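Novice: Got a file for you: final30.tsv, TSV, C-alpha atoms and all ligand atoms.
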```tsv
chain	number	residue	atom	x	y	z
F	96	MET	CA	0.00	0.00	0.00
F	97	LYS	CA	1.39	3.38	-1.01
F	98	ILE	CA	0.45	6.74	0.46
F	99	ILE	CA	0.25	9.51	-2.13
F	100	LYS	CA	0.40	13.11	-0.93
F	101	SER	CA	0.72	14.92	-4.23
F	102	ILE	CA	-1.96	15.52	-6.88
F	103	GLU	CA	0.56	15.22	-9.71
F	104	GLU	CA	1.84	11.86	-8.46
F	105	MET	CA	-1.70	10.53	-8.06
F	106	GLN	CA	-2.62	11.63	-11.58
F	107	LYS	CA	0.55	10.11	-13.01
F	108	ILE	CA	-0.08	6.74	-11.36
F	109	SER	CA	-3.70	6.76	-12.51
F	110	ALA	CA	-2.88	7.78	-16.07
F	111	GLU	CA	-0.22	5.05	-16.36
F	112	LYS	CA	-2.25	2.29	-14.69
F	113	ILE	CA	-3.05	-0.99	-16.36
F	114	GLY	CA	-6.56	-2.19	-15.54
F	115	THR	CA	-9.51	-0.55	-13.80
F	116	ILE	CA	-9.36	1.85	-10.86
F	117	GLY	CA	-11.92	1.65	-8.05
F	118	PHE	CA	-12.13	4.77	-5.89
F	119	VAL	CA	-13.51	5.13	-2.36
F	120	PRO	CA	-13.65	8.79	-1.24
F	121	THR	CA	-13.76	9.16	2.57
F	122	MET	CA	-13.13	11.62	5.37
F	123	GLY	CA	-11.27	8.94	7.32
F	124	TYR	CA	-11.80	7.58	10.83
F	125	MET	CA	-12.57	4.27	9.16
F	126	HIS	CA	-15.29	1.93	10.33
F	127	LYS	CA	-16.87	-1.18	8.86
F	128	GLY	CA	-19.08	0.96	6.59
F	129	HIS	CA	-16.03	2.42	4.86
F	130	LEU	CA	-14.38	-1.00	4.76
F	131	SER	CA	-17.41	-2.55	3.04
F	132	LEU	CA	-16.97	0.01	0.23
F	133	VAL	CA	-13.30	-0.95	-0.04
F	134	ARG	CA	-14.19	-4.66	-0.18
F	135	ASN	CA	-16.67	-3.95	-2.98
F	136	SER	CA	-13.99	-2.07	-4.86
F	137	LYS	CA	-11.47	-4.89	-4.43
F	138	LYS	CA	-14.03	-7.32	-5.89
F	139	ILE	CA	-14.49	-5.52	-9.21
F	140	SER	CA	-11.47	-3.22	-9.71
F	141	ASP	CA	-7.86	-4.04	-10.51
F	142	ILE	CA	-6.55	-1.18	-8.39
F	143	THR	CA	-8.25	0.35	-5.34
F	144	VAL	CA	-7.60	3.95	-4.28
F	145	VAL	CA	-9.02	5.31	-1.00
F	146	SER	CA	-8.88	9.04	-0.37
F	147	ILE	CA	-8.85	10.45	3.15
F	148	TYR	CA	-9.64	14.14	3.26
F	149	VAL	CA	-11.80	16.12	5.67
F	150	ASN	CA	-13.08	18.69	3.20
F	151	PRO	CA	-13.48	22.07	4.95
F	152	THR	CA	-15.79	23.55	2.31
F	153	GLN	CA	-18.61	21.13	3.12
F	154	PHE	CA	-18.72	22.32	6.73
F	155	ALA	CA	-20.44	25.61	7.60
F	156	PRO	CA	-18.57	27.83	10.13
F	157	ASN	CA	-20.88	26.68	12.96
F	158	GLU	CA	-20.43	22.98	12.16
F	159	ASP	CA	-18.14	20.28	13.54
F	160	LEU	CA	-15.03	20.55	11.30
F	161	SER	CA	-12.53	20.91	14.14
F	162	ASN	CA	-14.31	18.18	16.11
F	163	TYR	CA	-14.42	15.74	13.22
F	164	PRO	CA	-12.77	12.50	14.40
F	165	ARG	CA	-9.37	11.68	12.93
F	166	ASN	CA	-7.00	8.72	13.36
F	167	LEU	CA	-4.75	8.29	10.34
F	168	GLU	CA	-2.53	5.60	11.86
F	169	ASN	CA	-5.50	3.35	12.52
F	170	ASP	CA	-6.97	4.11	9.08
F	171	PHE	CA	-3.69	3.12	7.42
F	172	SER	CA	-3.55	-0.16	9.28
F	173	LEU	CA	-7.19	-1.10	8.50
F	174	LEU	CA	-6.68	-0.29	4.82
F	175	GLU	CA	-3.38	-2.14	4.68
F	176	ASN	CA	-5.14	-5.24	6.04
F	177	LEU	CA	-7.58	-5.04	3.13
F	178	ASP	CA	-4.69	-4.78	0.69
F	179	VAL	CA	-5.64	-1.35	-0.64
F	180	ASP	CA	-3.23	-0.24	-3.36
F	181	TYR	CA	-3.09	3.53	-2.78
F	182	ILE	CA	-4.24	6.00	-0.17
F	183	PHE	CA	-4.63	9.49	-1.60
F	184	LEU	CA	-4.03	12.01	1.18
F	185	PRO	CA	-4.30	15.57	-0.11
F	186	ASP	CA	-4.18	18.63	2.14
F	187	ASN	CA	-6.07	21.92	2.17
F	188	LYS	CA	-3.30	23.93	0.48
F	189	MET	CA	-3.30	21.55	-2.46
F	190	MET	CA	-7.04	21.32	-2.78
F	191	TYR	CA	-7.84	24.98	-2.20
F	192	PRO	CA	-4.74	27.05	-3.03
F	193	GLN	CA	-4.87	30.81	-2.53
F	194	ASN	CA	-7.26	32.52	-4.90
F	195	TYR	CA	-9.29	29.34	-5.45
F	196	LYS	CA	-12.48	30.32	-7.36
F	197	THR	CA	-14.23	27.35	-8.96
F	198	TRP	CA	-17.32	25.57	-7.61
F	199	VAL	CA	-19.62	22.82	-8.80
F	200	GLU	CA	-23.27	23.26	-7.84
F	201	ILE	CA	-26.33	21.13	-8.46
F	202	ASP	CA	-29.82	22.65	-8.47
F	203	ASP	CA	-32.93	21.27	-6.94
F	204	LEU	CA	-31.77	17.98	-5.35
F	205	THR	CA	-29.65	19.95	-2.90
F	206	GLN	CA	-32.60	22.01	-1.63
F	207	PHE	CA	-34.25	19.20	0.33
F	208	LEU	CA	-33.39	17.21	3.45
F	209	CYS	CA	-29.83	17.98	4.64
F	210	GLY	CA	-29.60	20.83	2.11
F	211	LYS	CA	-32.23	22.78	4.07
F	212	SER	CA	-30.28	22.91	7.31
F	213	ARG	CA	-26.83	22.77	5.65
F	214	PRO	CA	-27.29	25.13	2.66
F	215	SER	CA	-23.63	25.24	1.58
F	216	HIS	CA	-22.85	21.57	2.29
F	217	PHE	CA	-23.49	19.97	-1.10
F	218	LYS	CA	-21.64	22.69	-2.99
F	219	GLY	CA	-18.58	21.64	-0.99
F	220	VAL	CA	-19.24	17.94	-1.63
F	221	THR	CA	-19.78	18.21	-5.39
F	222	THR	CA	-16.74	20.46	-5.76
F	223	ILE	CA	-14.37	18.23	-3.81
F	224	VAL	CA	-15.59	15.02	-5.42
F	225	THR	CA	-15.11	16.56	-8.87
F	226	LYS	CA	-11.56	17.50	-7.87
F	227	LEU	CA	-10.90	14.04	-6.41
F	228	ILE	CA	-12.21	12.35	-9.57
F	229	ASN	CA	-9.82	14.51	-11.62
F	230	CYS	CA	-6.94	13.41	-9.39
F	231	VAL	CA	-7.73	9.69	-9.19
F	232	LEU	CA	-9.28	9.21	-12.68
F	233	PRO	CA	-11.33	6.24	-11.50
F	234	ASP	CA	-13.43	3.79	-13.50
F	235	PHE	CA	-15.69	3.06	-10.49
F	236	MET	CA	-16.56	5.18	-7.47
F	237	PHE	CA	-18.02	3.47	-4.41
F	238	LEU	CA	-20.53	5.44	-2.32
F	239	GLY	CA	-22.63	4.42	0.68
F	240	GLU	CA	-26.43	4.57	0.84
F	241	LYS	CA	-25.93	5.86	4.37
F	242	ASP	CA	-25.54	9.31	2.77
F	243	PHE	CA	-28.46	8.78	0.46
F	244	GLN	CA	-28.86	12.40	-0.63
F	245	GLN	CA	-25.12	12.64	-1.33
F	246	LEU	CA	-25.34	9.46	-3.43
F	247	THR	CA	-28.27	10.90	-5.39
F	248	VAL	CA	-26.60	14.30	-5.87
F	249	LEU	CA	-23.28	12.78	-7.00
F	250	SER	CA	-25.04	10.36	-9.37
F	251	LYS	CA	-26.79	13.34	-10.95
F	252	MET	CA	-23.53	15.28	-11.16
F	253	VAL	CA	-21.73	12.40	-12.88
F	254	LYS	CA	-24.58	12.08	-15.39
F	255	ASP	CA	-25.06	15.81	-16.06
F	256	LEU	CA	-21.35	16.58	-16.40
F	257	ASN	CA	-20.60	13.46	-18.50
F	258	PHE	CA	-18.02	11.99	-16.17
F	259	THR	CA	-17.05	8.51	-17.31
F	260	VAL	CA	-16.81	7.08	-13.78
F	261	LYS	CA	-19.50	4.53	-12.82
F	262	ILE	CA	-21.02	4.94	-9.38
F	263	VAL	CA	-21.51	1.77	-7.35
F	264	SER	CA	-23.90	2.24	-4.42
F	265	CYS	CA	-23.26	0.15	-1.33
F	266	PRO	CA	-25.72	-0.81	1.46
F	267	ILE	CA	-25.68	0.72	4.94
F	268	ILE	CA	-23.60	-1.19	7.48
F	269	ARG	CA	-25.02	-1.09	11.01
F	270	GLU	CA	-23.91	-1.84	14.53
F	271	LYS	CA	-25.47	-4.96	16.13
F	272	ASP	CA	-28.21	-2.81	17.70
F	273	GLY	CA	-29.07	-1.16	14.35
F	274	LEU	CA	-27.29	2.20	14.69
F	275	ALA	CA	-25.82	3.08	11.29
F	276	MET	CA	-22.03	3.14	11.49
F	277	SER	CA	-20.62	6.65	11.25
F	278	SER	CA	-17.36	8.35	12.17
F	279	ARG	CA	-19.46	10.83	14.12
F	280	ASN	CA	-20.71	8.09	16.49
F	281	LYS	CA	-17.33	8.50	18.21
F	282	ASN	CA	-18.47	11.94	19.46
F	283	LEU	CA	-21.50	10.50	21.30
F	284	ASN	CA	-21.22	10.06	25.06
F	285	LYS	CA	-22.52	6.85	26.61
F	286	SER	CA	-26.10	7.96	27.14
F	287	GLU	CA	-26.28	9.66	23.73
F	288	ARG	CA	-24.99	6.44	22.16
F	289	ASN	CA	-27.72	4.43	23.92
F	290	ASN	CA	-30.39	6.93	22.96
F	291	ALA	CA	-29.27	7.01	19.33
F	292	ILE	CA	-30.65	3.47	18.84
F	293	CYS	CA	-34.04	5.21	18.62
F	294	LEU	CA	-33.21	6.24	15.02
F	295	TRP	CA	-33.21	2.63	13.90
F	296	ASN	CA	-36.19	1.84	16.15
F	297	SER	CA	-38.24	4.67	14.65
F	298	LEU	CA	-37.34	3.65	11.08
F	299	GLN	CA	-38.24	0.04	11.87
F	300	TYR	CA	-41.50	1.18	13.47
F	301	ALA	CA	-42.42	3.12	10.30
F	302	LYS	CA	-41.52	0.25	8.01
F	303	ASN	CA	-43.55	-2.22	10.07
F	304	GLU	CA	-46.56	0.10	9.99
F	305	PHE	CA	-46.20	0.21	6.19
F	306	LEU	CA	-45.92	-3.59	6.00
F	307	ASN	CA	-49.11	-3.79	8.11
F	308	GLY	CA	-50.97	-1.68	5.56
F	309	GLU	CA	-50.58	1.89	6.89
F	310	THR	CA	-50.10	4.51	4.17
F	311	ASP	CA	-50.53	7.82	6.04
F	312	PHE	CA	-46.98	9.06	6.64
F	313	LEU	CA	-47.99	12.08	8.73
F	314	LYS	CA	-49.62	9.75	11.25
F	315	VAL	CA	-46.57	7.47	11.29
F	316	ARG	CA	-44.25	10.48	11.57
F	317	ASP	CA	-46.01	11.64	14.74
F	318	GLN	CA	-45.16	8.33	16.37
F	319	MET	CA	-41.57	8.42	15.06
F	320	LYS	CA	-41.22	11.89	16.59
F	321	LYS	CA	-42.43	10.58	19.94
F	322	ILE	CA	-39.91	7.71	19.87
F	323	ILE	CA	-37.05	10.11	19.10
F	324	LEU	CA	-38.06	12.91	21.47
F	325	SER	CA	-38.43	10.43	24.34
F	326	ASN	CA	-34.75	9.55	23.75
F	327	ASN	CA	-33.60	13.18	23.92
F	328	GLY	CA	-33.07	13.47	20.17
F	329	ARG	CA	-33.41	16.96	18.67
F	330	ILE	CA	-35.05	16.47	15.30
F	331	ASP	CA	-33.71	18.29	12.23
F	332	TYR	CA	-36.04	16.44	9.85
F	333	ILE	CA	-38.01	13.23	9.44
F	334	ASP	CA	-39.17	12.81	5.87
F	335	LEU	CA	-40.59	10.34	3.40
F	336	ILE	CA	-39.10	10.93	-0.03
F	337	ASP	CA	-39.25	9.79	-3.60
F	338	SER	CA	-35.94	7.93	-4.05
F	339	GLU	CA	-35.14	9.67	-7.35
F	340	THR	CA	-36.38	13.24	-6.98
F	341	LEU	CA	-35.93	13.39	-3.17
F	342	GLN	CA	-39.27	15.28	-3.02
F	343	SER	CA	-41.36	14.78	0.11
F	344	ILE	CA	-44.36	12.50	-0.19
F	345	GLN	CA	-47.15	11.79	2.26
F	346	ILE	CA	-48.51	8.47	1.08
F	347	MET	CA	-46.28	5.56	2.03
F	348	LYS	CA	-45.60	3.31	-0.94
F	349	LYS	CA	-43.11	0.71	-2.09
F	350	ASP	CA	-39.62	1.94	-3.12
F	351	CYS	CA	-39.86	5.35	-1.45
F	352	ARG	CA	-37.47	6.11	1.39
F	353	LEU	CA	-37.65	7.27	4.99
F	354	ALA	CA	-34.87	9.73	5.82
F	355	LEU	CA	-34.01	11.53	9.03
F	356	ALA	CA	-31.44	13.76	10.70
F	357	VAL	CA	-31.36	14.08	14.47
F	358	TYR	CA	-29.00	15.67	16.98
F	359	PHE	CA	-27.91	13.88	20.13
F	360	GLY	CA	-26.15	16.55	22.12
F	361	LYS	CA	-23.97	18.33	19.56
F	362	THR	CA	-23.69	15.35	17.24
F	363	ARG	CA	-25.90	15.28	14.15
F	364	LEU	CA	-26.67	11.80	12.84
F	365	ILE	CA	-28.46	10.80	9.63
F	366	ASP	CA	-30.08	7.54	8.60
F	367	ASN	CA	-32.53	6.24	6.02
F	368	LEU	CA	-34.49	3.13	5.08
F	369	GLU	CA	-36.18	2.07	1.88
F	370	LEU	CA	-39.81	0.95	2.05
F	371	ASN	CA	-39.54	-2.33	0.21
F	372	ILE	CA	-41.25	-5.61	1.00
F	401	LIG	P1	-17.46	9.65	5.14
F	401	LIG	O1	-16.08	9.30	5.54
F	401	LIG	O2	-18.44	9.71	6.28
F	401	LIG	O3	-17.53	10.85	4.23
F	401	LIG	O4	-17.98	8.43	4.27
F	401	LIG	C1	-17.28	7.97	3.14
F	401	LIG	C2	-18.15	7.00	2.38
F	401	LIG	O5	-18.52	5.92	3.24
F	401	LIG	C3	-19.47	7.64	1.88
F	401	LIG	O6	-19.75	7.13	0.58
F	401	LIG	C4	-20.47	7.13	2.89
F	401	LIG	O7	-21.79	7.05	2.39
F	401	LIG	C5	-19.93	5.75	3.20
F	401	LIG	N1	-20.42	5.28	4.50
F	401	LIG	C6	-20.35	5.94	5.68
F	401	LIG	N2	-20.96	5.23	6.66
F	401	LIG	C7	-21.43	4.10	6.07
F	401	LIG	C8	-22.16	2.97	6.54
F	401	LIG	N3	-22.53	2.84	7.79
F	401	LIG	N4	-22.46	1.99	5.65
F	401	LIG	C9	-22.10	2.10	4.34
F	401	LIG	N5	-21.41	3.14	3.83
F	401	LIG	C10	-21.08	4.14	4.68
```
Write the structure described by the file as structure tokens, please.

Specialist:
Amino acid sequence: MKIIKSIEEMQKISAEKIGTIGFVPTMGYMHKGHLSLVRNSKKISDITVVSIYVNPTQFAPNEDLSNYPRNLENDFSLLENLDVDYIFLPDNKMMYPQNYKTWVEIDDLTQFLCGKSRPSHFKGVTTIVTKLINCVLPDFMFLGEKDFQQLTVLSKMVKDLNFTVKIVSCPIIREKDGLAMSSRNKNLNKSERNNAICLWNSLQYAKNEFLNGETDFLKVRDQMKKIILSNNGRIDYIDLIDSETLQSIQIMKKDCRLALAVYFGKTRLIDNLELNI
């Protein structure tokens, strides 16, 4: 496994490669969710590149950039165990040199869900992923359904801007008790961690109601709210969305998706679940 700290070196390796490149963009502090993306890449790509970069432009000034968990040594050792070929490790000066001016923005899809409470977030994500794609020149890019809106926005970006990379979406990996794995879980204290199980419980509750024939999401949402509020969660949103347009819908039906964002203390967690049978 080789660690690449220069854009030019990364581009040179990628341009000269023989075979396909699978790319897993991350912000580090690896957990089994990240590692599942890497395993998927190893299965179908000849070379796997993982980037680790906590992108400052996707954090608003009041958000948790400085608190974002980091542990490069541990990340390196987990990725080495999976036989990753390259870690791309850019820094802020390289990615956003003085007088940086160019941004990639996507209309519409970024207005809903997380985009409402984090209005500048997706502009940062689409810009950095464009830059990373231009550094790594991948054939495949592996993204988790955990960040469902991000997956939808980046899929749209790749299509609209005619990138040749193919996006491979990967299922959400959960802890034994159902909490979706996330680097941010590290910032939960013990009682917040216990309370956070209510996210999975409320999603499961809603799905079971649907499987039992309920279609009125507003009614179901009231009960989801109660489950979360009784566990000290501060709700940003609980929504039922069309999986393609991300527009809110009120009638529960097959293939649409429950999505939520909730704070426990200062930590904001997101999760989602498809309504399939
Ligand atoms: P992050 O480091 O949080 O930016 O995540 C990097 C990639 O890992 C993104 O594509 C995420 O959607 C994905 N990811 C994060 N958590 C999970 C999870 N629990 N299961 C599957 N993929 C995940």

Novice: Of the residues F:Leu174, F:Ile99, F:Val220, F:Ile182, which is the one nearest to ligand LIG 401 (chain F), using all atoms listed in the file?

Specialist: F:Val220

Novice: Would you mind listing the residues within 9 Å of ligand LIG 401 (chain F), counting only C-alpha atoms and all ligand atoms, as a PDB file with C-alpha atoms, keeping the file's coordinate frame?

Specialist:
```pdb
ATOM      1  CA  VAL F 119     -13.510   5.130  -2.360  1.00  0.00           C
ATOM      2  CA  PRO F 120     -13.650   8.790  -1.240  1.00  0.00           C
ATOM      3  CA  THR F 121     -13.760   9.160   2.570  1.00  0.00           C
ATOM      4  CA  MET F 122     -13.130  11.620   5.370  1.00  0.00           C
ATOM      5  CA  GLY F 123     -11.270   8.940   7.320  1.00  0.00           C
ATOM      6  CA  TYR F 124     -11.800   7.580  10.830  1.00  0.00           C
ATOM      7  CA  MET F 125     -12.570   4.270   9.160  1.00  0.00           C
ATOM      8  CA  HIS F 126     -15.290   1.930  10.330  1.00  0.00           C
ATOM      9  CA  LYS F 127     -16.870  -1.180   8.860  1.00  0.00           C
ATOM     10  CA  GLY F 128     -19.080   0.960   6.590  1.00  0.00           C
ATOM     11  CA  HIS F 129     -16.030   2.420   4.860  1.00  0.00           C
ATOM     12  CA  LEU F 130     -14.380  -1.000   4.760  1.00  0.00           C
ATOM     13  CA  SER F 131     -17.410  -2.550   3.040  1.00  0.00           C
ATOM     14  CA  LEU F 132     -16.970   0.010   0.230  1.00  0.00           C
ATOM     15  CA  ILE F 147      -8.850  10.450   3.150  1.00  0.00           C
ATOM     16  CA  TYR F 148      -9.640  14.140   3.260  1.00  0.00           C
ATOM     17  CA  VAL F 149     -11.800  16.120   5.670  1.00  0.00           C
ATOM     18  CA  MET F 236     -16.560   5.180  -7.470  1.00  0.00           C
ATOM     19  CA  PHE F 237     -18.020   3.470  -4.410  1.00  0.00           C
ATOM     20  CA  LEU F 238     -20.530   5.440  -2.320  1.00  0.00           C
ATOM     21  CA  GLY F 239     -22.630   4.420   0.680  1.00  0.00           C
ATOM     22  CA  GLU F 240     -26.430   4.570   0.840  1.00  0.00           C
ATOM     23  CA  LYS F 241     -25.930   5.860   4.370  1.00  0.00           C
ATOM     24  CA  ASP F 242     -25.540   9.310   2.770  1.00  0.00           C
ATOM     25  CA  PHE F 243     -28.460   8.780   0.460  1.00  0.00           C
ATOM     26  CA  GLN F 245     -25.120  12.640  -1.330  1.00  0.00           C
ATOM     27  CA  LEU F 246     -25.340   9.460  -3.430  1.00  0.00           C
ATOM     28  CA  SER F 264     -23.900   2.240  -4.420  1.00  0.00           C
ATOM     29  CA  CYS F 265     -23.260   0.150  -1.330  1.00  0.00           C
ATOM     30  CA  PRO F 266     -25.720  -0.810   1.460  1.00  0.00           C
ATOM     31  CA  ILE F 267     -25.680   0.720   4.940  1.00  0.00           C
ATOM     32  CA  ILE F 268     -23.600  -1.190   7.480  1.00  0.00           C
ATOM     33  CA  ARG F 269     -25.020  -1.090  11.010  1.00  0.00           C
ATOM     34  CA  GLU F 270     -23.910  -1.840  14.530  1.00  0.00           C
ATOM     35  CA  LEU F 274     -27.290   2.200  14.690  1.00  0.00           C
ATOM     36  CA  ALA F 275     -25.820   3.080  11.290  1.00  0.00           C
ATOM     37  CA  MET F 276     -22.030   3.140  11.490  1.00  0.00           C
ATOM     38  CA  SER F 277     -20.620   6.650  11.250  1.00  0.00           C
ATOM     39  CA  SER F 278     -17.360   8.350  12.170  1.00  0.00           C
ATOM     40  CA  ARG F 279     -19.460  10.830  14.120  1.00  0.00           C
ATOM     41  CA  ASP F 366     -30.080   7.540   8.600  1.00  0.00           C
TER      42      ASP F 366
END
```

Novice: Which polymer residues have any atom within 9 Å of an atom of Gly273 of chain F, counting all atoms listed in the file, with same-chain residues fewer than 6 positions away left out, as a JSON list (two decimals) with C-alpha atoms, keeping the file's coordinate frame?

Specialist:
```json
[["chain", "number", "residue", "atom", "x", "y", "z"],
["F", 292, "ILE", "CA", -30.65, 3.47, 18.84],
["F", 294, "LEU", "CA", -33.21, 6.24, 15.02],
["F", 295, "TRP", "CA", -33.21, 2.63, 13.90],
["F", 296, "ASN", "CA", -36.19, 1.84, 16.15]]
```

Novice: Show me the residues close to (-47.3, -0.2, 9.7) - anything with an atom within 12 Å, counting all atoms listed in the file - and format the list as an NGL selection string.

Specialist: :F and (297-312 or 314-316 or 318-319 or 347-348 or 370 or 372)

Novice: With all atoms listed in the file as the counted atoms, please give the residues lying no more than 7 Å from segment 224-230 of chain F, apart from itself and same-chain residues fewer than 4 positions off, as a PyMOL selection string.

Specialist: chain F and resi 102+105-106+220

Novice: Tell me, in Å to one decimal, how far atom CA of Leu364 of chain F is from atom CA of Glu339 of chain F.

Specialist: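 So the answer is 22.0 Å.
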
Novice: When you draw a straight line from atom CA of Phe118 of chain F to atom CA of Cys351 of chain F, how long is it in Å?

Specialist: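 Between atom CA of Phe118 of chain F and atom CA of Cys351 of chain F the gap is 28.1 Å.
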
Novice: Kindly give the distance, in Å, that separates atom CA of Ser172 of chain F and atom CA of Lys137 of chain F, rounded to a single decimal.

Specialist: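 Computed distance, atom CA of Ser172 of chain F to atom CA of Lys137 of chain F, equals 16.5 Å.
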
Novice: Pick out the residues sitting within 7 Å of Leu160 of chain F, and hand them over as a ChimeraX atom specification; count only C-alpha atoms, and ignore anything fewer than 3 positions along from it in its own chain.

Specialist: /F:151,154,163

Novice: Would you kindly place all heavy atoms on segment 331-338 of chain F and return the model as a PDB file, in the coordinates of the input?

Specialist:
```pdb
ATOM      1  N   ASP F 331     -33.908  17.348  13.330  1.00  0.00           N
ATOM      2  CA  ASP F 331     -33.710  18.290  12.230  1.00  0.00           C
ATOM      3  C   ASP F 331     -34.816  18.037  11.203  1.00  0.00           C
ATOM      4  O   ASP F 331     -35.590  18.920  10.880  1.00  0.00           O
ATOM      5  CB  ASP F 331     -32.297  18.092  11.651  1.00  0.00           C
ATOM      6  CG  ASP F 331     -32.019  19.037  10.496  1.00  0.00           C
ATOM      7  OD1 ASP F 331     -32.934  19.750  10.063  1.00  0.00           O
ATOM      8  OD2 ASP F 331     -30.884  19.049   9.990  1.00  0.00           O
ATOM      9  N   TYR F 332     -34.910  16.795  10.714  1.00  0.00           N
ATOM     10  CA  TYR F 332     -36.040  16.440   9.850  1.00  0.00           C
ATOM     11  C   TYR F 332     -36.325  14.943   9.939  1.00  0.00           C
ATOM     12  O   TYR F 332     -35.446  14.138  10.257  1.00  0.00           O
ATOM     13  CB  TYR F 332     -35.792  16.841   8.389  1.00  0.00           C
ATOM     14  CG  TYR F 332     -34.643  16.127   7.698  1.00  0.00           C
ATOM     15  CD1 TYR F 332     -34.763  14.827   7.222  1.00  0.00           C
ATOM     16  CD2 TYR F 332     -33.409  16.765   7.527  1.00  0.00           C
ATOM     17  CE1 TYR F 332     -33.699  14.174   6.598  1.00  0.00           C
ATOM     18  CE2 TYR F 332     -32.350  16.127   6.901  1.00  0.00           C
ATOM     19  CZ  TYR F 332     -32.505  14.830   6.440  1.00  0.00           C
ATOM     20  OH  TYR F 332     -31.462  14.196   5.833  1.00  0.00           O
ATOM     21  N   ILE F 333     -37.597  14.621   9.693  1.00  0.00           N
ATOM     22  CA  ILE F 333     -38.010  13.230   9.440  1.00  0.00           C
ATOM     23  C   ILE F 333     -38.855  13.326   8.195  1.00  0.00           C
ATOM     24  O   ILE F 333     -39.837  14.057   8.174  1.00  0.00           O
ATOM     25  CB  ILE F 333     -38.882  12.655  10.582  1.00  0.00           C
ATOM     26  CG1 ILE F 333     -38.158  12.701  11.924  1.00  0.00           C
ATOM     27  CG2 ILE F 333     -39.319  11.230  10.246  1.00  0.00           C
ATOM     28  CD1 ILE F 333     -39.022  12.238  13.092  1.00  0.00           C
ATOM     29  N   ASP F 334     -38.484  12.618   7.142  1.00  0.00           N
ATOM     30  CA  ASP F 334     -39.170  12.810   5.870  1.00  0.00           C
ATOM     31  C   ASP F 334     -39.401  11.469   5.186  1.00  0.00           C
ATOM     32  O   ASP F 334     -38.688  10.495   5.445  1.00  0.00           O
ATOM     33  CB  ASP F 334     -38.281  13.703   4.968  1.00  0.00           C
ATOM     34  CG  ASP F 334     -39.073  14.791   4.283  1.00  0.00           C
ATOM     35  OD1 ASP F 334     -40.277  14.585   4.064  1.00  0.00           O
ATOM     36  OD2 ASP F 334     -38.472  15.849   3.976  1.00  0.00           O
ATOM     37  N   LEU F 335     -40.395  11.465   4.315  1.00  0.00           N
ATOM     38  CA  LEU F 335     -40.590  10.340   3.400  1.00  0.00           C
ATOM     39  C   LEU F 335     -40.374  10.916   2.012  1.00  0.00           C
ATOM     40  O   LEU F 335     -40.986  11.932   1.669  1.00  0.00           O
ATOM     41  CB  LEU F 335     -42.008   9.780   3.547  1.00  0.00           C
ATOM     42  CG  LEU F 335     -42.316   8.603   2.627  1.00  0.00           C
ATOM     43  CD1 LEU F 335     -41.559   7.352   3.068  1.00  0.00           C
ATOM     44  CD2 LEU F 335     -43.819   8.307   2.621  1.00  0.00           C
ATOM     45  N   ILE F 336     -39.488  10.302   1.239  1.00  0.00           N
ATOM     46  CA  ILE F 336     -39.100  10.930  -0.030  1.00  0.00           C
ATOM     47  C   ILE F 336     -39.181   9.968  -1.215  1.00  0.00           C
ATOM     48  O   ILE F 336     -39.037   8.748  -1.046  1.00  0.00           O
ATOM     49  CB  ILE F 336     -37.633  11.470   0.047  1.00  0.00           C
ATOM     50  CG1 ILE F 336     -36.672  10.362   0.511  1.00  0.00           C
ATOM     51  CG2 ILE F 336     -37.547  12.692   0.938  1.00  0.00           C
ATOM     52  CD1 ILE F 336     -35.222  10.656   0.254  1.00  0.00           C
ATOM     53  N   ASP F 337     -39.391  10.543  -2.366  1.00  0.00           N
ATOM     54  CA  ASP F 337     -39.250   9.790  -3.600  1.00  0.00           C
ATOM     55  C   ASP F 337     -37.752   9.527  -3.800  1.00  0.00           C
ATOM     56  O   ASP F 337     -36.949  10.465  -3.731  1.00  0.00           O
ATOM     57  CB  ASP F 337     -39.816  10.630  -4.759  1.00  0.00           C
ATOM     58  CG  ASP F 337     -39.659   9.923  -6.088  1.00  0.00           C
ATOM     59  OD1 ASP F 337     -38.536   9.929  -6.639  1.00  0.00           O
ATOM     60  OD2 ASP F 337     -40.656   9.380  -6.558  1.00  0.00           O
ATOM     61  N   SER F 338     -37.371   8.279  -4.033  1.00  0.00           N
ATOM     62  CA  SER F 338     -35.940   7.930  -4.050  1.00  0.00           C
ATOM     63  C   SER F 338     -35.171   8.591  -5.193  1.00  0.00           C
ATOM     64  O   SER F 338     -33.957   8.690  -5.134  1.00  0.00           O
ATOM     65  CB  SER F 338     -35.764   6.416  -4.154  1.00  0.00           C
ATOM     66  OG  SER F 338     -36.237   5.823  -2.986  1.00  0.00           O
TER      67      SER F 338
END
```
